[in-house]
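Okay, coords_17.cif is below, mmCIF, C-alpha atoms and all ligand atoms:
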data_input
loop_
_atom_site.label_atom_id
_atom_site.label_comp_id
_atom_site.auth_asym_id
_atom_site.auth_seq_id
_atom_site.Cartn_x
_atom_site.Cartn_y
_atom_site.Cartn_z
CA MET A 1 -93.43 0.56 34.13
CA ALA A 2 -95.25 1.80 37.24
CA THR A 3 -97.13 -0.93 39.09
CA LEU A 4 -100.82 -0.48 39.64
CA LEU A 5 -102.62 -2.03 42.58
CA TYR A 6 -106.32 -2.86 42.58
CA ASP A 7 -109.01 -4.04 45.03
CA ALA A 8 -107.63 -7.58 45.00
CA ASP A 9 -104.25 -6.28 46.26
CA ALA A 10 -105.79 -4.55 49.30
CA ASP A 11 -107.15 -6.00 52.52
CA ILE A 12 -110.05 -3.73 53.49
CA GLU A 13 -110.31 -5.28 56.97
CA LEU A 14 -107.07 -3.59 58.08
CA ILE A 15 -108.51 -0.09 57.91
CA ARG A 16 -111.90 -1.24 59.24
CA HIS A 17 -110.13 -2.19 62.46
CA LYS A 18 -108.66 1.30 62.95
CA ARG A 19 -110.27 4.48 64.22
CA ILE A 20 -109.61 7.25 61.70
CA ALA A 21 -109.51 11.00 62.37
CA ILE A 22 -110.18 13.19 59.35
CA ILE A 23 -108.82 16.66 60.13
CA GLY A 24 -110.55 19.23 57.90
CA TYR A 25 -113.86 18.84 56.09
CA GLY A 26 -113.31 20.61 52.78
CA SER A 27 -113.00 19.23 49.27
CA GLN A 28 -110.96 16.15 50.22
CA GLY A 29 -112.07 15.89 53.86
CA HIS A 30 -115.76 15.36 53.20
CA ALA A 31 -115.10 12.80 50.46
CA HIS A 32 -112.61 10.79 52.54
CA ALA A 33 -114.90 10.80 55.58
CA LEU A 34 -118.04 9.73 53.69
CA ASN A 35 -116.32 7.10 51.53
CA LEU A 36 -114.59 5.60 54.58
CA ARG A 37 -117.88 5.54 56.52
CA ASP A 38 -119.65 3.83 53.62
CA SER A 39 -116.78 1.32 53.47
CA GLY A 40 -117.49 0.33 57.06
CA CYS A 41 -114.77 2.34 58.83
CA GLU A 42 -114.99 4.21 62.11
CA VAL A 43 -114.39 7.91 61.43
CA LEU A 44 -114.04 11.00 63.63
CA ILE A 45 -114.00 14.53 62.23
CA GLY A 46 -111.65 17.16 63.65
CA LEU A 47 -112.48 20.84 63.03
CA PRO A 48 -111.77 24.08 64.91
CA GLU A 49 -114.67 25.50 66.95
CA ILE A 50 -115.09 28.42 64.53
CA SER A 51 -114.75 26.42 61.29
CA ARG A 52 -117.36 27.10 58.63
CA SER A 53 -117.09 23.43 57.62
CA ARG A 54 -118.75 22.39 60.92
CA LEU A 55 -122.23 23.01 59.58
CA LYS A 56 -121.58 20.93 56.50
CA ALA A 57 -120.14 18.10 58.58
CA GLU A 58 -123.15 18.18 60.91
CA LYS A 59 -125.53 18.07 57.91
CA ASP A 60 -123.68 14.94 56.77
CA GLY A 61 -124.40 13.31 60.12
CA TRP A 62 -121.11 13.90 61.96
CA SER A 63 -120.49 15.36 65.39
CA PRO A 64 -117.18 17.12 64.81
CA LEU A 65 -114.59 17.16 67.59
CA LEU A 66 -111.73 19.58 67.96
CA PRO A 67 -108.70 18.57 65.83
CA HIS A 68 -106.61 17.52 68.85
CA GLU A 69 -109.52 15.52 70.35
CA ALA A 70 -110.13 13.60 67.13
CA ALA A 71 -106.41 12.99 66.65
CA ALA A 72 -105.97 11.81 70.25
CA ARG A 73 -108.73 9.22 69.92
CA ALA A 74 -107.62 7.88 66.53
CA ASP A 75 -105.08 5.30 65.37
CA CYS A 76 -104.94 6.80 61.92
CA ILE A 77 -104.88 10.57 61.35
CA MET A 78 -105.48 11.99 57.87
CA LEU A 79 -104.55 15.67 57.62
CA LEU A 80 -106.84 17.37 55.10
CA VAL A 81 -106.44 21.06 55.86
CA PRO A 82 -104.95 23.41 53.22
CA ASP A 83 -101.26 22.71 52.66
CA GLN A 84 -100.15 26.16 53.79
CA TYR A 85 -101.73 25.64 57.26
CA GLN A 86 -100.65 22.04 57.80
CA GLY A 87 -97.47 22.94 59.69
CA GLN A 88 -99.40 25.06 62.15
CA VAL A 89 -102.26 22.56 62.61
CA TYR A 90 -99.75 19.75 63.06
CA THR A 91 -97.79 21.64 65.71
CA GLU A 92 -100.84 22.92 67.58
CA SER A 93 -103.19 19.94 67.40
CA ILE A 94 -101.57 16.74 66.14
CA LYS A 95 -97.97 16.48 67.31
CA ASP A 96 -98.72 15.78 70.98
CA THR A 97 -101.37 13.18 70.15
CA LEU A 98 -98.96 10.97 68.19
CA SER A 99 -97.55 7.87 69.83
CA ALA A 100 -95.86 4.69 68.71
CA GLY A 101 -98.06 2.57 66.47
CA LYS A 102 -100.17 5.41 65.10
CA ILE A 103 -100.13 6.42 61.45
CA LEU A 104 -100.16 9.97 60.09
CA LEU A 105 -101.53 10.35 56.57
CA VAL A 106 -101.52 13.21 54.08
CA ALA A 107 -103.12 13.60 50.64
CA HIS A 108 -100.30 15.69 49.15
CA GLY A 109 -96.60 15.66 49.97
CA PHE A 110 -96.01 19.42 50.31
CA SER A 111 -95.85 19.78 54.10
CA LEU A 112 -93.62 16.72 54.62
CA GLN A 113 -91.42 17.34 51.59
CA TYR A 114 -90.69 20.93 52.61
CA GLY A 115 -90.24 20.27 56.33
CA GLN A 116 -93.42 21.97 57.57
CA ILE A 117 -94.20 18.72 59.37
CA VAL A 118 -91.37 16.74 60.96
CA PRO A 119 -93.04 13.63 62.38
CA PRO A 120 -91.56 11.77 65.35
CA ALA A 121 -89.41 8.76 64.52
CA ASP A 122 -91.76 6.19 66.09
CA VAL A 123 -94.94 6.75 64.06
CA ASP A 124 -95.85 5.49 60.61
CA VAL A 125 -96.29 8.18 57.94
CA ALA A 126 -97.81 7.73 54.50
CA MET A 127 -99.62 9.49 51.67
CA VAL A 128 -102.74 8.67 49.68
CA ALA A 129 -103.24 11.38 47.06
CA PRO A 130 -106.38 10.95 44.96
CA ASN A 131 -105.92 12.24 41.40
CA GLY A 132 -108.90 14.57 41.49
CA PRO A 133 -111.07 16.89 43.54
CA GLY A 134 -113.15 15.62 46.45
CA VAL A 135 -116.45 15.99 44.63
CA GLN A 136 -115.30 13.51 42.02
CA LEU A 137 -113.80 11.19 44.64
CA ARG A 138 -117.20 11.04 46.33
CA GLN A 139 -119.35 10.84 43.19
CA MET A 140 -117.30 8.07 41.58
CA TYR A 141 -117.37 6.06 44.81
CA GLN A 142 -121.15 6.39 45.00
CA ALA A 143 -121.40 5.31 41.37
CA GLY A 144 -119.53 2.10 42.26
CA SER A 145 -116.21 3.12 40.70
CA GLY A 146 -113.36 5.29 41.90
CA ILE A 147 -110.64 7.71 40.90
CA PRO A 148 -106.98 6.68 40.76
CA ALA A 149 -104.54 7.76 43.47
CA LEU A 150 -100.83 8.04 44.10
CA TRP A 151 -99.53 6.51 47.32
CA THR A 152 -96.29 6.20 49.21
CA VAL A 153 -95.05 5.19 52.62
CA TYR A 154 -92.66 7.71 54.17
CA GLN A 155 -92.01 5.93 57.48
CA ASP A 156 -92.91 2.33 58.21
CA ILE A 157 -92.08 1.65 61.85
CA THR A 158 -94.72 -0.98 62.56
CA GLY A 159 -94.13 -2.90 59.35
CA GLN A 160 -97.88 -2.49 58.70
CA ALA A 161 -97.84 0.93 57.05
CA ARG A 162 -97.75 -0.32 53.46
CA ALA A 163 -100.68 -2.70 53.85
CA LEU A 164 -102.67 -0.17 55.88
CA THR A 165 -102.11 2.62 53.35
CA ILE A 166 -103.31 0.41 50.51
CA SER A 167 -106.28 -0.61 52.66
CA TYR A 168 -107.13 3.08 53.22
CA ALA A 169 -106.95 3.67 49.45
CA ARG A 170 -109.36 0.77 48.95
CA ALA A 171 -111.85 2.21 51.45
CA LEU A 172 -111.71 5.48 49.46
CA GLY A 173 -112.63 3.56 46.30
CA CYS A 174 -109.31 4.36 44.64
CA THR A 175 -108.19 0.74 44.14
CA ARG A 176 -111.33 0.24 42.01
CA ALA A 177 -109.56 2.45 39.46
CA GLY A 178 -105.94 1.61 40.36
CA ILE A 179 -103.32 3.18 42.60
CA ILE A 180 -99.72 3.98 41.66
CA GLN A 181 -96.79 3.93 44.04
CA THR A 182 -94.68 7.08 44.06
CA THR A 183 -92.35 8.97 46.41
CA LEU A 184 -93.09 12.15 48.34
CA ALA A 185 -90.62 14.07 46.21
CA GLU A 186 -92.07 12.79 42.93
CA GLU A 187 -95.70 13.46 43.90
CA THR A 188 -94.99 16.91 45.33
CA GLU A 189 -92.68 18.12 42.58
CA THR A 190 -94.70 16.80 39.64
CA ASP A 191 -97.96 18.11 41.13
CA LEU A 192 -96.56 21.62 41.62
CA PHE A 193 -94.83 21.57 38.23
CA ALA A 194 -97.92 20.43 36.33
CA GLU A 195 -100.25 22.98 37.95
CA GLN A 196 -97.79 25.83 37.39
CA VAL A 197 -96.61 24.97 33.90
CA VAL A 198 -99.60 23.30 32.25
CA LEU A 199 -102.91 23.02 34.07
CA CYS A 200 -103.18 26.44 35.69
CA GLY A 201 -100.29 28.85 35.07
CA GLY A 202 -99.41 27.78 31.55
CA LEU A 203 -102.98 27.49 30.36
CA THR A 204 -104.28 30.78 31.77
CA SER A 205 -101.27 32.73 30.48
CA LEU A 206 -101.68 31.17 27.05
CA ILE A 207 -105.40 31.99 26.95
CA ARG A 208 -105.00 35.57 28.21
CA SER A 209 -102.09 36.37 25.91
CA ALA A 210 -103.99 35.05 22.90
CA PHE A 211 -107.18 36.91 23.92
CA GLU A 212 -105.25 40.18 24.36
CA THR A 213 -103.51 39.75 21.01
CA LEU A 214 -106.81 39.34 19.18
CA VAL A 215 -108.51 42.24 21.00
CA GLU A 216 -105.51 44.54 20.41
CA ALA A 217 -105.73 43.68 16.71
CA GLY A 218 -109.36 44.88 16.66
CA TYR A 219 -111.34 41.65 16.83
CA GLN A 220 -114.48 41.50 18.98
CA PRO A 221 -113.69 40.43 22.57
CA GLU A 222 -116.73 38.12 22.54
CA VAL A 223 -115.34 36.20 19.56
CA ALA A 224 -111.85 36.11 21.09
CA TYR A 225 -113.29 34.74 24.34
CA THR A 226 -115.20 31.98 22.61
CA CYS A 227 -112.35 30.70 20.47
CA CYS A 228 -109.47 31.13 22.95
CA LEU A 229 -111.17 30.11 26.21
CA GLN A 230 -114.49 28.36 25.80
CA GLU A 231 -113.33 25.90 23.15
CA VAL A 232 -110.50 24.72 25.41
CA LYS A 233 -112.97 22.37 27.06
CA LEU A 234 -113.79 20.60 23.81
CA ILE A 235 -110.12 19.95 23.09
CA ALA A 236 -109.41 18.99 26.72
CA ASP A 237 -112.22 16.42 26.57
CA LEU A 238 -110.66 14.86 23.46
CA LEU A 239 -107.19 14.83 25.07
CA TYR A 240 -108.63 13.20 28.19
CA LYS A 241 -110.43 10.59 26.18
CA GLY A 242 -107.67 9.49 23.85
CA GLY A 243 -104.49 11.55 24.04
CA ILE A 244 -102.87 13.92 21.55
CA HIS A 245 -102.91 11.71 18.45
CA PHE A 246 -106.59 10.91 19.04
CA MET A 247 -107.36 14.63 19.40
CA HIS A 248 -105.53 15.31 16.14
CA ASN A 249 -107.69 12.72 14.40
CA SER A 250 -110.84 14.42 15.64
CA ILE A 251 -110.06 17.99 14.58
CA SER A 252 -109.94 19.33 11.02
CA ASP A 253 -106.83 18.74 8.92
CA THR A 254 -106.39 22.52 8.85
CA ALA A 255 -106.34 22.69 12.64
CA GLU A 256 -104.00 19.71 12.79
CA PHE A 257 -101.54 21.27 10.30
CA GLY A 258 -101.66 24.57 12.24
CA ASP A 259 -100.93 22.65 15.43
CA TYR A 260 -97.74 21.12 13.96
CA VAL A 261 -96.33 24.27 12.42
CA THR A 262 -97.38 26.84 15.05
CA GLY A 263 -97.35 25.01 18.41
CA PRO A 264 -93.54 24.76 18.62
CA ARG A 265 -93.24 28.48 17.71
CA ILE A 266 -95.42 29.41 20.71
CA ILE A 267 -93.86 26.98 23.20
CA GLY A 268 -90.24 26.91 21.97
CA GLU A 269 -86.78 26.64 23.49
CA GLN A 270 -87.28 29.81 25.56
CA SER A 271 -90.32 28.29 27.29
CA ARG A 272 -88.49 24.99 27.73
CA GLU A 273 -85.68 26.88 29.45
CA GLN A 274 -88.21 28.50 31.81
CA MET A 275 -89.79 25.11 32.52
CA ARG A 276 -86.38 23.83 33.66
CA ASN A 277 -85.96 26.93 35.85
CA VAL A 278 -89.41 26.47 37.38
CA LEU A 279 -88.69 22.80 38.06
CA HIS A 280 -85.40 23.74 39.71
CA GLU A 281 -87.17 26.25 41.99
CA ILE A 282 -89.68 23.56 42.96
CA GLN A 283 -86.98 20.95 43.60
CA THR A 284 -84.83 23.28 45.71
CA GLY A 285 -87.76 24.49 47.83
CA THR A 286 -87.54 28.08 46.52
CA PHE A 287 -91.18 28.06 45.42
CA ALA A 288 -92.28 26.45 48.72
CA ARG A 289 -90.34 29.01 50.75
CA ASN A 290 -91.95 31.88 48.82
CA TRP A 291 -95.42 30.41 49.33
CA ILE A 292 -94.85 29.78 53.04
CA LEU A 293 -93.46 33.31 53.57
CA GLU A 294 -96.36 34.74 51.53
CA ASN A 295 -98.78 33.13 53.99
CA GLN A 296 -96.83 34.36 57.00
CA ALA A 297 -96.98 37.89 55.57
CA GLY A 298 -100.80 37.76 55.29
CA ARG A 299 -100.86 36.86 51.56
CA PRO A 300 -100.23 40.34 50.02
CA THR A 301 -99.23 39.01 46.58
CA LEU A 302 -102.12 36.54 46.39
CA GLN A 303 -104.63 39.29 47.24
CA ALA A 304 -103.16 41.74 44.74
CA MET A 305 -103.07 39.16 41.95
CA ARG A 306 -106.61 38.03 42.71
CA ARG A 307 -107.90 41.59 42.36
CA LYS A 308 -105.99 42.12 39.12
CA ASP A 309 -107.24 38.77 37.84
CA ALA A 310 -110.88 39.60 38.56
CA ALA A 311 -110.63 43.02 36.85
CA HIS A 312 -109.33 41.65 33.52
CA GLN A 313 -111.52 42.24 30.47
CA ILE A 314 -111.71 38.49 29.81
CA GLU A 315 -113.77 38.14 33.02
CA THR A 316 -116.44 40.68 32.09
CA VAL A 317 -116.69 39.42 28.53
CA GLY A 318 -116.76 35.86 29.82
CA LYS A 319 -119.61 36.58 32.21
CA GLN A 320 -121.69 38.17 29.41
CA MET A 321 -120.99 35.30 27.04
CA ARG A 322 -121.80 32.60 29.58
CA ASP A 323 -125.10 34.34 30.35
CA LEU A 324 -125.93 34.61 26.64
CA LEU A 325 -124.83 31.12 25.63
CA PRO A 326 -125.74 28.79 28.48
P1 LIG B 401 -110.07 22.67 51.43
O1 LIG B 401 -109.62 24.08 51.43
O2 LIG B 401 -111.16 22.27 50.49
O3 LIG B 401 -110.54 22.25 52.89
C1 LIG B 401 -109.78 22.52 54.00
C2 LIG B 401 -110.51 22.15 55.26
O4 LIG B 401 -109.64 22.38 56.36
C3 LIG B 401 -111.77 22.94 55.52
O5 LIG B 401 -112.73 22.10 56.09
C4 LIG B 401 -111.31 23.96 56.55
O6 LIG B 401 -112.36 24.37 57.39
C5 LIG B 401 -110.31 23.13 57.32
N1 LIG B 401 -109.34 23.93 58.06
C6 LIG B 401 -108.78 25.11 57.70
N2 LIG B 401 -107.93 25.53 58.66
C7 LIG B 401 -107.97 24.59 59.63
C8 LIG B 401 -107.34 24.46 60.88
N3 LIG B 401 -106.51 25.39 61.31
N4 LIG B 401 -107.62 23.35 61.64
C9 LIG B 401 -108.45 22.40 61.20
N5 LIG B 401 -109.11 22.49 60.02
C10 LIG B 401 -108.88 23.58 59.25
O7 LIG B 401 -108.75 21.79 51.19
P2 LIG B 401 -108.60 20.52 50.21
O8 LIG B 401 -108.58 20.98 48.80
O9 LIG B 401 -109.55 19.46 50.62
O10 LIG B 401 -107.09 20.08 50.55
C11 LIG B 401 -106.77 19.25 51.64
C12 LIG B 401 -105.55 18.43 51.27
O11 LIG B 401 -105.88 17.58 50.18
C13 LIG B 401 -104.36 19.25 50.82
O12 LIG B 401 -103.19 18.62 51.27
C14 LIG B 401 -104.43 19.16 49.31
O13 LIG B 401 -103.20 19.35 48.65
C15 LIG B 401 -104.92 17.74 49.15
N6 LIG B 401 -105.54 17.43 47.88
C16 LIG B 401 -106.50 18.24 47.36
C17 LIG B 401 -107.08 17.91 46.14
C18 LIG B 401 -108.17 18.77 45.55
O14 LIG B 401 -108.46 18.60 44.36
N7 LIG B 401 -108.81 19.67 46.27
C19 LIG B 401 -106.70 16.73 45.46
C20 LIG B 401 -105.75 15.89 46.05
C21 LIG B 401 -105.17 16.26 47.25
MG MG B 402 -109.19 28.65 45.93
MG MG B 403 -102.36 16.39 42.11
MG MG B 404 -101.68 20.62 43.58
MG MG B 405 -108.20 15.27 11.59
MG MG B 406 -111.90 26.16 14.65
#
Please express what this file holds, its structure, as structure tokens.
Ligand code: NAD
Ligand code: MG
Ligand code: MG
Ligand code: MG
Ligand code: MG
Ligand code: MG
Amino acid sequence: MATLLYDADADIELIRHKRIAIIGYGSQGHAHALNLRDSGCEVLIGLPEISRSRLKAEKDGWSPLLPHEAAARADCIMLLVPDQYQGQVYTESIKDTLSAGKILLVAHGFSLQYGQIVPPADVDVAMVAPNGPGVQLRQMYQAGSGIPALWTVYQDITGQARALTISYARALGCTRAGIIQTTLAEETETDLFAEQVVLCGGLTSLIRSAFETLVEAGYQPEVAYTCCLQEVKLIADLLYKGGIHFMHNSISDTAEFGDYVTGPRIIGEQSREQMRNVLHEIQTGTFARNWILENQAGRPTLQAMRRKDAAHQIETVGKQMRDLLP
């Protein structure tokens, strides 16, 4: 059973005595910076001169520095730029500012797990990965609660990394909900697997395929959109609240029977086989290599897929339906 740590397990004073650089002020960056500030920590923001996030940071009362300036002045550096740019930002702005006794933090294991960042041997390195987007991290903190997080220590040179990492998680509000210890490999691989197979890739392919099947068979696209896409939220809410058995209790017996007899026909052994292949590609770094090369090539596949995505009939029908049924 995974062990959960809570507020009582964390000493908030440890992080209050450090100067923290938050590099990047996007979804996670703004939430980390504001929660840490409200928890009594000293925070510096690091952003490039041309960053569009500067304005937002200034509106929130910060005076952003350049990434290497913020990193140089801090004891604790949290890297919150998009994963695909972390290697470059690290090399250009962080690497030379690291010295013995400092701690480098990330909120997702990708760049460390796949060797985009190779930290020096004399600094502490750890991860605090909140289980949700920055908006929620901030809102829950302000409401007096928090969202859970995964954490791990990758290098503990000072012997303080574990306690400091847990202290950082407390200042974010995450120990109010509970934090779970993991490893970089586990967090990175399960995160990529879940978003590809279930949350994003699996779900959108399921919805689109079902929508196309109904439309091809002559049903109205508006009806297909409503039942195959919009209603997903209602089921997801039930799953979130109580799990699969609870959801089954809340739907009609007809829907429940259909679930049992049809679900395994849709996601059968063939899909299971592909899930194992996908997991293998994640574990061996094949997916990471493709994504890193894609970025180096100027993202041709991402752009092409985005255009194709936006042109799909389900988007136009969806827009009409959302306007009609607010
Ligand atoms: P984001 O795209 O919302 O924000 C990125 C920020 O980095 C922006 O402020 C951008 O201006 C800045 N930036 C871009 N290039 C930069 C550069 N070269 N130098 C300095 N700053 C630069 O990203 P995010 O979603 O907050 O993700 C940050 C990290 O948090 C990632 O490791 C991600 O995996 C992790 N994470 C995200 C979520 C989430 O739900 N968004 C949840 C948990 C962990
Ligand atoms: Mg996006
Ligand atoms: Mg995640
Ligand atoms: Mg992810
Ligand atoms: Mg029922
Ligand atoms: Mg129904």
**Request:** Would you list the contacts of stretch 277-289 of chain A as number ranges by chain, taking every protein, DNA or RNA residue within 9 Å and counting only C-alpha atoms, but skipping same-chain residues closer than 4 positions in sequence?
**Result:** A: 110, 113-114, 185, 188-190, 192-193, 196-197, 272-273, 293-294
Would you place a box with edges along x, y and z of the file around all atoms of stretch 196-202 of chain A listed there, add 4 Å to each of its six sides, and report the centre and edge lengths in Å to one decimal, as lines of an AutoDock Vina configuration file?
center_x = -99.9
center_y = 25.9
center_z = 34.5
size_x = 14.6
size_y = 13.8
size_z = 13.8
Could you produce a table of the residues of chain A lying within 12 Å of ligand MG 404 (chain B), with the nearest pair of atoms per residue and their separation in Å rounded to one decimal, using only C-alpha atoms and all ligand atoms, ordered by chain and increasing residue number, as JSON lines?
{"residue": "A:Pro82", "atom": "CA", "partner": "B:MG404", "partner_atom": "MG", "distance": 10.6}
{"residue": "A:Asp83", "atom": "CA", "partner": "B:MG404", "partner_atom": "MG", "distance": 9.3}
{"residue": "A:Gln84", "atom": "CA", "partner": "B:MG404", "partner_atom": "MG", "distance": 11.7}
{"residue": "A:Ala107", "atom": "CA", "partner": "B:MG404", "partner_atom": "MG", "distance": 10.1}
{"residue": "A:His108", "atom": "CA", "partner": "B:MG404", "partner_atom": "MG", "distance": 7.6}
{"residue": "A:Gly109", "atom": "CA", "partner": "B:MG404", "partner_atom": "MG", "distance": 9.6}
{"residue": "A:Phe110", "atom": "CA", "partner": "B:MG404", "partner_atom": "MG", "distance": 8.9}
{"residue": "A:Ala129", "atom": "CA", "partner": "B:MG404", "partner_atom": "MG", "distance": 10.0}
{"residue": "A:Pro130", "atom": "CA", "partner": "B:MG404", "partner_atom": "MG", "distance": 10.8}
{"residue": "A:Asn131", "atom": "CA", "partner": "B:MG404", "partner_atom": "MG", "distance": 9.6}
{"residue": "A:Gly132", "atom": "CA", "partner": "B:MG404", "partner_atom": "MG", "distance": 9.6}
{"residue": "A:Pro133", "atom": "CA", "partner": "B:MG404", "partner_atom": "MG", "distance": 10.1}
{"residue": "A:Glu187", "atom": "CA", "partner": "B:MG404", "partner_atom": "MG", "distance": 9.3}
{"residue": "A:Thr188", "atom": "CA", "partner": "B:MG404", "partner_atom": "MG", "distance": 7.8}
{"residue": "A:Glu189", "atom": "CA", "partner": "B:MG404", "partner_atom": "MG", "distance": 9.4}
{"residue": "A:Thr190", "atom": "CA", "partner": "B:MG404", "partner_atom": "MG", "distance": 8.9}
{"residue": "A:Asp191", "atom": "CA", "partner": "B:MG404", "partner_atom": "MG", "distance": 5.1}
{"residue": "A:Leu192", "atom": "CA", "partner": "B:MG404", "partner_atom": "MG", "distance": 5.6}
{"residue": "A:Phe193", "atom": "CA", "partner": "B:MG404", "partner_atom": "MG", "distance": 8.7}
{"residue": "A:Ala194", "atom": "CA", "partner": "B:MG404", "partner_atom": "MG", "distance": 8.2}
{"residue": "A:Glu195", "atom": "CA", "partner": "B:MG404", "partner_atom": "MG", "distance": 6.3}
{"residue": "A:Gln196", "atom": "CA", "partner": "B:MG404", "partner_atom": "MG", "distance": 9.0}
{"residue": "A:Val197", "atom": "CA", "partner": "B:MG404", "partner_atom": "MG", "distance": 11.8}
{"residue": "A:Val198", "atom": "CA", "partner": "B:MG404", "partner_atom": "MG", "distance": 11.8}
{"residue": "A:Leu199", "atom": "CA", "partner": "B:MG404", "partner_atom": "MG", "distance": 9.9}
{"residue": "A:Cys200", "atom": "CA", "partner": "B:MG404", "partner_atom": "MG", "distance": 9.9}
{"residue": "A:Gly201", "atom": "CA", "partner": "B:MG404", "partner_atom": "MG", "distance": 11.9}
Dump as an mmCIF file, in the frame of the given file, selection limited to C-alpha atoms:
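File part_38.cif, as written:
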data_model
loop_
_atom_site.group_PDB
_atom_site.id
_atom_site.type_symbol
_atom_site.label_atom_id
_atom_site.label_comp_id
_atom_site.auth_asym_id
_atom_site.auth_seq_id
_atom_site.Cartn_x
_atom_site.Cartn_y
_atom_site.Cartn_z
ATOM 1 C CA PRO A 82 -104.950 23.410 53.220
ATOM 2 C CA ASP A 83 -101.260 22.710 52.660
ATOM 3 C CA GLN A 84 -100.150 26.160 53.790
ATOM 4 C CA ALA A 107 -103.120 13.600 50.640
ATOM 5 C CA HIS A 108 -100.300 15.690 49.150
ATOM 6 C CA GLY A 109 -96.600 15.660 49.970
ATOM 7 C CA PHE A 110 -96.010 19.420 50.310
ATOM 8 C CA ALA A 129 -103.240 11.380 47.060
ATOM 9 C CA PRO A 130 -106.380 10.950 44.960
ATOM 10 C CA ASN A 131 -105.920 12.240 41.400
ATOM 11 C CA GLY A 132 -108.900 14.570 41.490
ATOM 12 C CA PRO A 133 -111.070 16.890 43.540
ATOM 13 C CA GLU A 187 -95.700 13.460 43.900
ATOM 14 C CA THR A 188 -94.990 16.910 45.330
ATOM 15 C CA GLU A 189 -92.680 18.120 42.580
ATOM 16 C CA THR A 190 -94.700 16.800 39.640
ATOM 17 C CA ASP A 191 -97.960 18.110 41.130
ATOM 18 C CA LEU A 192 -96.560 21.620 41.620
ATOM 19 C CA PHE A 193 -94.830 21.570 38.230
ATOM 20 C CA ALA A 194 -97.920 20.430 36.330
ATOM 21 C CA GLU A 195 -100.250 22.980 37.950
ATOM 22 C CA GLN A 196 -97.790 25.830 37.390
ATOM 23 C CA VAL A 197 -96.610 24.970 33.900
ATOM 24 C CA VAL A 198 -99.600 23.300 32.250
ATOM 25 C CA LEU A 199 -102.910 23.020 34.070
ATOM 26 C CA CYS A 200 -103.180 26.440 35.690
ATOM 27 C CA GLY A 201 -100.290 28.850 35.070
#
**Item:** Spatial neighbours of stretch 68-74 of chain A, 12 Å, all atoms listed in the file, chain gap at least 4 places, as a ChimeraX atom specification
**Value:** /A:15,17-24,41-49,63-64,78-79,89-99,101-105
**One-decimal distance in Å that lies between atom CA of A:Pro326 and atom CA of A:Thr204** =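 If I compute the distance from atom CA of A:Thr204 to atom CA of A:Pro326, I get 21.8 Å.
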**Fill in**
The residue from A:Ser111, A:Gln181, A:Ser51, A:Gln320 with the smallest atom-to-atom distance to A:Gln88, counting only C-alpha atoms, is A:Ser111
Could you give me, as a Markdown table, every chain A residue with an atom at most 12 Å from ligand MG 402 (chain B), plus its closest atom pair and distance in Å to one decimal, counting all atoms listed in the file, rows ordered by chain then number?
| residue | atom | partner | partner_atom | distance |
| --- | --- | --- | --- | --- |
| A:Gly26 | CA | B:MG402 | MG | 11.3 |
| A:Ser27 | CA | B:MG402 | MG | 10.7 |
| A:Pro82 | CA | B:MG402 | MG | 9.9 |
| A:Asp83 | CA | B:MG402 | MG | 12.0 |
| A:Leu302 | CA | B:MG402 | MG | 10.6 |
| A:Gln303 | CA | B:MG402 | MG | 11.6 |
| A:Arg306 | CA | B:MG402 | MG | 10.2 |
Pull C-alpha atoms from the residues just selected and write them as a PDB file, in the frame of the given file.
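Okay, part_38.pdb is ready:
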ATOM      1  CA  GLY A  26    -113.310  20.610  52.780  1.00  0.00           C
ATOM      2  CA  SER A  27    -113.000  19.230  49.270  1.00  0.00           C
ATOM      3  CA  PRO A  82    -104.950  23.410  53.220  1.00  0.00           C
ATOM      4  CA  ASP A  83    -101.260  22.710  52.660  1.00  0.00           C
ATOM      5  CA  LEU A 302    -102.120  36.540  46.390  1.00  0.00           C
ATOM      6  CA  GLN A 303    -104.630  39.290  47.240  1.00  0.00           C
ATOM      7  CA  ARG A 306    -106.610  38.030  42.710  1.00  0.00           C
TER       8      ARG A 306
END
**Asked** Which residues come within 12 Å of A:Arg138, counting only C-alpha atoms, excluding same-chain residues fewer than 3 positions away, as a list of chain:residue names?
**Response**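 After dropping sequence-adjacent residues, the list is A:Ser27, A:Gln28, A:Gly29, A:His30, A:Ala31, A:His32, A:Ala33, A:Leu34, A:Asn35, A:Leu36, A:Arg37, A:Asp38, A:Pro130, A:Gly132, A:Pro133, A:Gly134, A:Val135, A:Tyr141, A:Gln142, A:Ala143, A:Gly144, A:Ser145, A:Gly146, A:Ile147, A:Ala171, A:Leu172, A:Gly173, A:Cys174.
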**Item:** Within-8 Å residues of ligand MG 405 (chain B), basis all atoms listed in the file, as a PyMOL selection string
**Value:** chain A and resi 247-256
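Ranking A:Pro148, A:Gly40, A:Gly263, A:Gly159 by their shortest atom-to-atom distance to ligand MG 403 (chain B), with all atoms listed in the file included, puts A:Pro148 first.
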